[in-house]
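Trainee: Below is one structure. I have some questions about it.
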Amino acid sequence: MLIANAHIITWEEPNRILPGHGILVENGRIAAIGPSADLAASHPGVDTIDAHGQFAMPGNICAHTHFYGAFARGLSIPTPAPRDFLEILRKLWWRLDKALTLDDIWLSAQVCLLDAIRHGTTFLVDHHASPNAIDGSLDVIAQAVEESGLRAVLCYEVTDRDGPEKMRAGIGENLRFNRSLEGNPRPLLAGTFGLHASLTLSDATLDECRAAAPAGTGFHVHTAEADADQYDSLARSNLRVVERLHRHGILGPRSIAAHAVRIERREIEILAANRAWVTHQPRSNMNNAVGCAPVETMLQAGVRLGLGNDGFPNAMWEEWKTAYLVHKIWHKDPRRMSGIDIVRMAIYNNASLAGEFFPQLPIGRIQVGAAADLILVDYQPFTPCTPDNLPWHILFGFHDSMITSTIVNGKILMFDRRILTMDEQAVVAHACEASARVWQRFEKSFSGETND
């Protein structure tokens with residue numbers, strides 16, 4: 001396949017914008033880049049997509065999300081609104097995840113994947129929970145991912161909140177899924193080991209997870225998302241959350257510490273020393289009123305920091321814009337959170353995180369040998385657009401509705417805004433039916449409750 005007549009944003013370091021260029025794709029990878037006329041002349045007969053001057057760029061990457069939360073959209077909590085983060089967990093998420101069956105998991109993943117294709121997000125790191133449907137849940141999500149054509153890293157979040165039997169079932173699901181990938185590479189899938197959060201994990205469970213996970217395995221865990229996590233950790237261990245996770249061997253170069261909102265300098269130093277990943281989800285943090293993560297301090301300290309969405313819509317440029325603005329208002333300083341820092345997180349660091357799970361496949365840049373995970377963007381700049389000012393064109397000009405085509409592993413998933421790998425109308429119709437039943441089970445969990 002040849003993508004011709006594009007303005008290519010390579011996202012190399014340093015980045016380049018190549019007008020009038022083409023991309024030759026072979027066997028799921030980028031085989032050549034050059035002026036469109038030259039590539040067309042040297043590869044006659046190749047199927048060609050004429051980009052008509054659109055921008056061609058690597059697909060967006062989401063470093064932390066929750067497919068299982070899709071059916072929360074529009075859901076009403078039948079008691080007074082949650083007052084803080086713990087109440088949000090207890091009144092919403094810890095009831096919704098219990099209401100899911102394997103069929104619901106399948107459909108909630110599908111609607112999130114549809115959303116990702118439409119919004120040009122080609123790689124997602126999911127963090128799953130379904131306490132009443134644990135066994136085989138990752139296989140269900142994996143099948144949905146492969147049928148959609150996107151790439152994903154999957155895990156199940158282990159927790160003590162539902163008792164030791166389900167805690168061990170969560171460990172088993174992580175191990176079973178990861179072992180299924182050993183010796184049986186699936187080009188669109190990778191696995192890690194999920195943990196919920198320090199506040200729902202005993203010392204014994206952390207040790208059991210660490211002992212069960214093969215050497216070199218990374219963990220994906222919510223980390224100091226709110227003050228409640230710190231209070232719990234101090235009460236359990238007299239250690240702050242990052243210190244506690246470090247003591248139990250959870251942090252490492254393939255581990256993801258999601259959020260890290262309520263952390264201090266010593267914890268930042270530990271994260272940097274362990275080369276652990278942190279993901280920033282500003283839309284979720286605002287919604288949960290938990291604060292604003294010390295992102296700039298972490299970046300300056302050498303923490304490897306990426307950008308996720310925590311289950312918000314997979315419109316990652318909206319996450320860019322929120323991150324760019326919220327730090328300014330939080331600090332009451334318009335100089336905070338440069339567009340360069342946004343690009344460092346969302347482009348370069350997210351691509352490096354993807355490389356931890358697909359080490360033989362360069363992802364997130366357009367160069368020969370890299371994954372053909374691409375999007376076409378119909379953006380018509382009315383001011384000069386250069387590699388130096390591109391971050392601000394994206395922040396103030398790009399919109400997800402401008403994405404016309406999504407390609408992963410050399411396969412076209414959406415062309416001219418029409419999704420090709422999934423029956424969108426059928427998925428949405430089935431999801432509407434299933435989500436109504438999930439809502440009934442969710443509401444039933446409040447039977448007899450009037451307040452808390």
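How things are named: the first chain in the structure tokens is A, the next is B, and so on; residues count from 1 in each chain; ligands count from 1 in the order shown.
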Hey, what's within 10 Å of Ser148 of chain A if we count only C-alpha atoms and toss same-chain stuff fewer than 6 positions away? As a PDB file with N, CA and C atoms, in the first residue's frame, please?

Mentor:
```
ATOM      1  N   ALA A 109     -15.687  -3.400  25.711  1.00  0.00           N
ATOM      2  CA  ALA A 109     -14.419  -3.276  24.989  1.00  0.00           C
ATOM      3  C   ALA A 109     -14.672  -2.828  23.554  1.00  0.00           C
ATOM      4  N   GLN A 110     -15.678  -3.413  22.919  1.00  0.00           N
ATOM      5  CA  GLN A 110     -15.945  -3.063  21.527  1.00  0.00           C
ATOM      6  C   GLN A 110     -16.280  -1.582  21.355  1.00  0.00           C
ATOM      7  N   LEU A 113     -13.172   0.418  21.630  1.00  0.00           N
ATOM      8  CA  LEU A 113     -12.312   0.237  20.464  1.00  0.00           C
ATOM      9  C   LEU A 113     -12.846   1.005  19.259  1.00  0.00           C
ATOM     10  N   LEU A 114     -14.156   0.991  19.077  1.00  0.00           N
ATOM     11  CA  LEU A 114     -14.759   1.824  18.038  1.00  0.00           C
ATOM     12  C   LEU A 114     -14.380   3.291  18.243  1.00  0.00           C
ATOM     13  N   ALA A 116     -11.839   4.466  19.815  1.00  0.00           N
ATOM     14  CA  ALA A 116     -10.410   4.661  19.563  1.00  0.00           C
ATOM     15  C   ALA A 116     -10.124   4.763  18.071  1.00  0.00           C
ATOM     16  N   ILE A 117     -10.722   3.881  17.279  1.00  0.00           N
ATOM     17  CA  ILE A 117     -10.502   3.941  15.826  1.00  0.00           C
ATOM     18  C   ILE A 117     -10.953   5.293  15.286  1.00  0.00           C
ATOM     19  N   ALA A 142      -9.088  -9.502  24.540  1.00  0.00           N
ATOM     20  CA  ALA A 142      -8.081  -9.731  23.498  1.00  0.00           C
ATOM     21  C   ALA A 142      -8.736 -10.016  22.154  1.00  0.00           C
ATOM     22  N   VAL A 408      -3.599   0.417  11.204  1.00  0.00           N
ATOM     23  CA  VAL A 408      -2.762  -0.253  12.203  1.00  0.00           C
ATOM     24  C   VAL A 408      -2.188  -1.519  11.585  1.00  0.00           C
ATOM     25  N   LEU A 413      -8.322   0.451   9.140  1.00  0.00           N
ATOM     26  CA  LEU A 413      -9.433   0.229  10.073  1.00  0.00           C
ATOM     27  C   LEU A 413     -10.563   1.219   9.834  1.00  0.00           C
ATOM     28  N   ILE A 419     -15.716   3.222   9.385  1.00  0.00           N
ATOM     29  CA  ILE A 419     -15.012   2.129  10.059  1.00  0.00           C
ATOM     30  C   ILE A 419     -15.245   0.836   9.282  1.00  0.00           C
ATOM     31  N   LEU A 420     -14.149   0.126   9.000  1.00  0.00           N
ATOM     32  CA  LEU A 420     -14.197  -1.036   8.116  1.00  0.00           C
ATOM     33  C   LEU A 420     -14.095  -2.363   8.847  1.00  0.00           C
ATOM     34  N   THR A 421     -13.531  -2.385  10.041  1.00  0.00           N
ATOM     35  CA  THR A 421     -13.275  -3.661  10.724  1.00  0.00           C
ATOM     36  C   THR A 421     -14.355  -4.045  11.711  1.00  0.00           C
ATOM     37  N   MET A 422     -15.288  -3.170  11.985  1.00  0.00           N
ATOM     38  CA  MET A 422     -16.347  -3.436  12.952  1.00  0.00           C
ATOM     39  C   MET A 422     -17.671  -2.916  12.409  1.00  0.00           C
ATOM     40  N   ASP A 423     -18.743  -3.600  12.758  1.00  0.00           N
ATOM     41  CA  ASP A 423     -20.084  -3.149  12.393  1.00  0.00           C
ATOM     42  C   ASP A 423     -20.566  -2.193  13.475  1.00  0.00           C
TER      43      ASP A 423
END
```

Trainee: Using only C-alpha atoms, find each residue in segment 328-374 of chain A having at least one atom no more than 9 Å away from segment 7-30 of chain A; report its shortest atom-to-atom pair and that distance in Å (one decimal), rows by chain then rising number, as a tab-separated table.

Mentor:
```
residue	atom	partner	partner_atom	distance
A:Ile347	CA	A:Trp11	CA	7.4
A:Tyr348	CA	A:Trp11	CA	7.9
A:Leu361	CA	A:Arg29	CA	8.8
A:Gly364	CA	A:Trp11	CA	7.3
A:Arg365	CA	A:Trp11	CA	5.1
A:Ile366	CA	A:Thr10	CA	4.5
A:Gln367	CA	A:Ile30	CA	6.6
A:Val368	CA	A:Ile30	CA	5.1
A:Gly369	CA	A:Ile30	CA	5.3
A:Ala370	CA	A:Ile30	CA	5.5
A:Ala371	CA	A:Arg29	CA	4.6
A:Ala372	CA	A:Arg29	CA	4.6
A:Asp373	CA	A:Arg29	CA	8.2
```

Trainee: Would you write out, as CSV, a table of all residues in segment 195-287 of chain A that have an atom no more than 10 Å from an atom of segment 62-70 of chain A, listing for each the closest atom pair and the distance in Å to one decimal, considering only C-alpha atoms and ordering rows by chain and rising residue number?

Mentor:
```
residue,atom,partner,partner_atom,distance
A:His220,CA,A:His64,CA,8.9
A:Val221,CA,A:His64,CA,9.9
A:His222,CA,A:His64,CA,9.7
A:Ile256,CA,A:His64,CA,8.5
A:Ala257,CA,A:His64,CA,9.5
A:Ala258,CA,A:His64,CA,7.0
A:His259,CA,A:His64,CA,9.2
A:Trp277,CA,A:Ala63,CA,9.6
A:Val278,CA,A:Ala63,CA,9.1
A:Thr279,CA,A:Ala63,CA,6.4
A:His280,CA,A:His64,CA,8.4
A:Gln281,CA,A:His64,CA,8.0
```

Trainee: Just the residues within 12 Å of Asp115 of chain A, please, counting only C-alpha atoms, with nothing from its chain fewer than 2 positions along; format it as a ChimeraX atom specification.

Mentor: /A:67,70,108-113,117-122,124,148,150,311-316,400-401,406,413-414,417,419,422,424,427-428

Trainee: Could you please take those selected residues and save C-alpha atoms as a tab-separated table (two decimals), in the first residue's frame?

Mentor:
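Heads up, here's the output in out-v8.tsv:
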```tsv
chain	number	residue	atom	x	y	z
A	67	PHE	CA	-12.52	-0.49	28.73
A	70	ALA	CA	-17.74	2.22	29.10
A	108	SER	CA	-17.78	-2.52	26.60
A	109	ALA	CA	-14.42	-3.28	24.99
A	110	GLN	CA	-15.95	-3.06	21.53
A	111	VAL	CA	-17.48	0.38	22.05
A	112	CYS	CA	-14.18	1.69	23.43
A	113	LEU	CA	-12.31	0.24	20.46
A	117	ILE	CA	-10.50	3.94	15.83
A	118	ARG	CA	-12.66	6.98	15.16
A	119	HIS	CA	-10.37	9.18	17.25
A	120	GLY	CA	-7.12	7.89	15.78
A	121	THR	CA	-5.89	6.16	18.94
A	122	THR	CA	-4.11	3.06	17.67
A	124	LEU	CA	-4.06	1.40	24.29
A	148	SER	CA	-10.91	-4.30	15.76
A	150	LEU	CA	-5.95	-2.02	17.14
A	311	GLY	CA	-11.49	5.57	30.57
A	312	PHE	CA	-12.48	8.98	29.23
A	313	PRO	CA	-13.18	9.03	25.47
A	314	ASN	CA	-10.18	8.06	23.38
A	315	ALA	CA	-9.86	11.55	21.92
A	316	MET	CA	-6.27	11.95	23.05
A	400	ASP	CA	-10.39	14.67	16.51
A	401	SER	CA	-13.17	15.15	13.97
A	406	THR	CA	-6.88	5.03	10.81
A	413	LEU	CA	-9.43	0.23	10.07
A	414	MET	CA	-11.21	3.43	9.05
A	417	ARG	CA	-14.41	8.31	8.34
A	419	ILE	CA	-15.01	2.13	10.06
A	422	MET	CA	-16.35	-3.44	12.95
A	424	GLU	CA	-20.57	0.07	14.29
A	427	VAL	CA	-22.14	-2.98	18.22
A	428	VAL	CA	-23.89	0.16	19.45
```

Trainee: Taking 3 positions as the minimum chain separation for residues in the same chain, which residues sit within 8 Å of segment 180-193 of chain A when counting only C-alpha atoms? Answer as a list in words.

Mentor: Ala142, Val145, Glu146, Gly149, Leu150, Arg151, Ala152, Val153, Leu154, Cys155, Tyr156, Glu157, Asn174, Leu175, Arg176, Phe177, Ala213, Thr217, Gly218, Phe219, His220, Phe357 and Phe358 of chain A

Trainee: Report, in Å with one decimal, the straight-line distance from atom CA of Gly172 of chain A to atom CA of Lys98 of chain A.

Mentor: 18.2 Å

Trainee: Any idea what's packed within 8 Å of segment 387-398 of chain A, counting only C-alpha atoms, ignoring anything in its chain fewer than 4 positions away? Could you give it as JSON, numbers by chain?

Mentor: {"A": [15, 16, 17, 317, 320, 321, 324, 339, 340, 342, 343, 379, 381, 402]}

Trainee: Set the distance at 10 Å and use only C-alpha atoms: which residues neighbour Trp330 of chain A once local chain neighbours fewer than 5 positions away are removed? I'd like the list as a list in words.

Mentor: Gly291, Cys292, Ala293, Leu325 and Arg336 of chain A

Trainee: Counting only C-alpha atoms, what is within 8 Å of Ala226 of chain A, bar same-chain residues fewer than 3 positions away, as a ChimeraX atom specification?

Mentor: /A:85,229-230,261-262,290-291

Trainee: Would you return as an NGL selection string the members of segment 170-402 of chain A that DSSP assigns to helix (DSSP H, G or I) on this structure's backbone?

Mentor: :A and (170-181 or 198-200 or 203-212 or 227-237 or 241-247 or 265-274 or 282-287 or 295-300 or 316-331 or 339-357 or 390-396 or 400-402)

Trainee: Going by DSSP on the backbone, which residues of segment 245-372 of chain A come out as strand (DSSP E)? List them as an MDAnalysis selection string.

Mentor: chainID A and resid 256:259 277:280 304:307

Trainee: For Ala4 of chain A, which residue among A:Ala354, A:Leu376, A:Ile171, A:Ala323 is the nearest when counting only C-alpha atoms?

Mentor: A:Leu376

Trainee: Between A:Glu443, A:Val438, A:Asn5, A:Ile412, which one has atoms that come closest to Lys91 of chain A, using only C-alpha atoms?

Mentor: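 When distances to Lys91 of chain A are compared using only C-alpha atoms, the smallest one comes from A:Glu443.
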
Trainee: In terms of the shortest atom-to-atom distance over only C-alpha atoms, which of A:Ala6, A:Leu307, A:Met1, A:Ile33 is closest to Gln54 of chain A?

Mentor: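 Residue with the minimum atom-to-atom distance to Gln54 of chain A: A:Ala6.
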
Trainee: Would you mind reading off the distance between atom CA of Trp106 of chain A and atom CA of Ala144 of chain A, one decimal, in Å?

Mentor: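 Taking atom CA of Trp106 of chain A as the start and atom CA of Ala144 of chain A as the end point, the length is 6.6 Å.
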
Trainee: Distance atom CA of Ile61 of chain A-atom CA of Trp93 of chain A, one decimal place?

Mentor: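 Separation of atom CA of Ile61 of chain A and atom CA of Trp93 of chain A: 24.2 Å.
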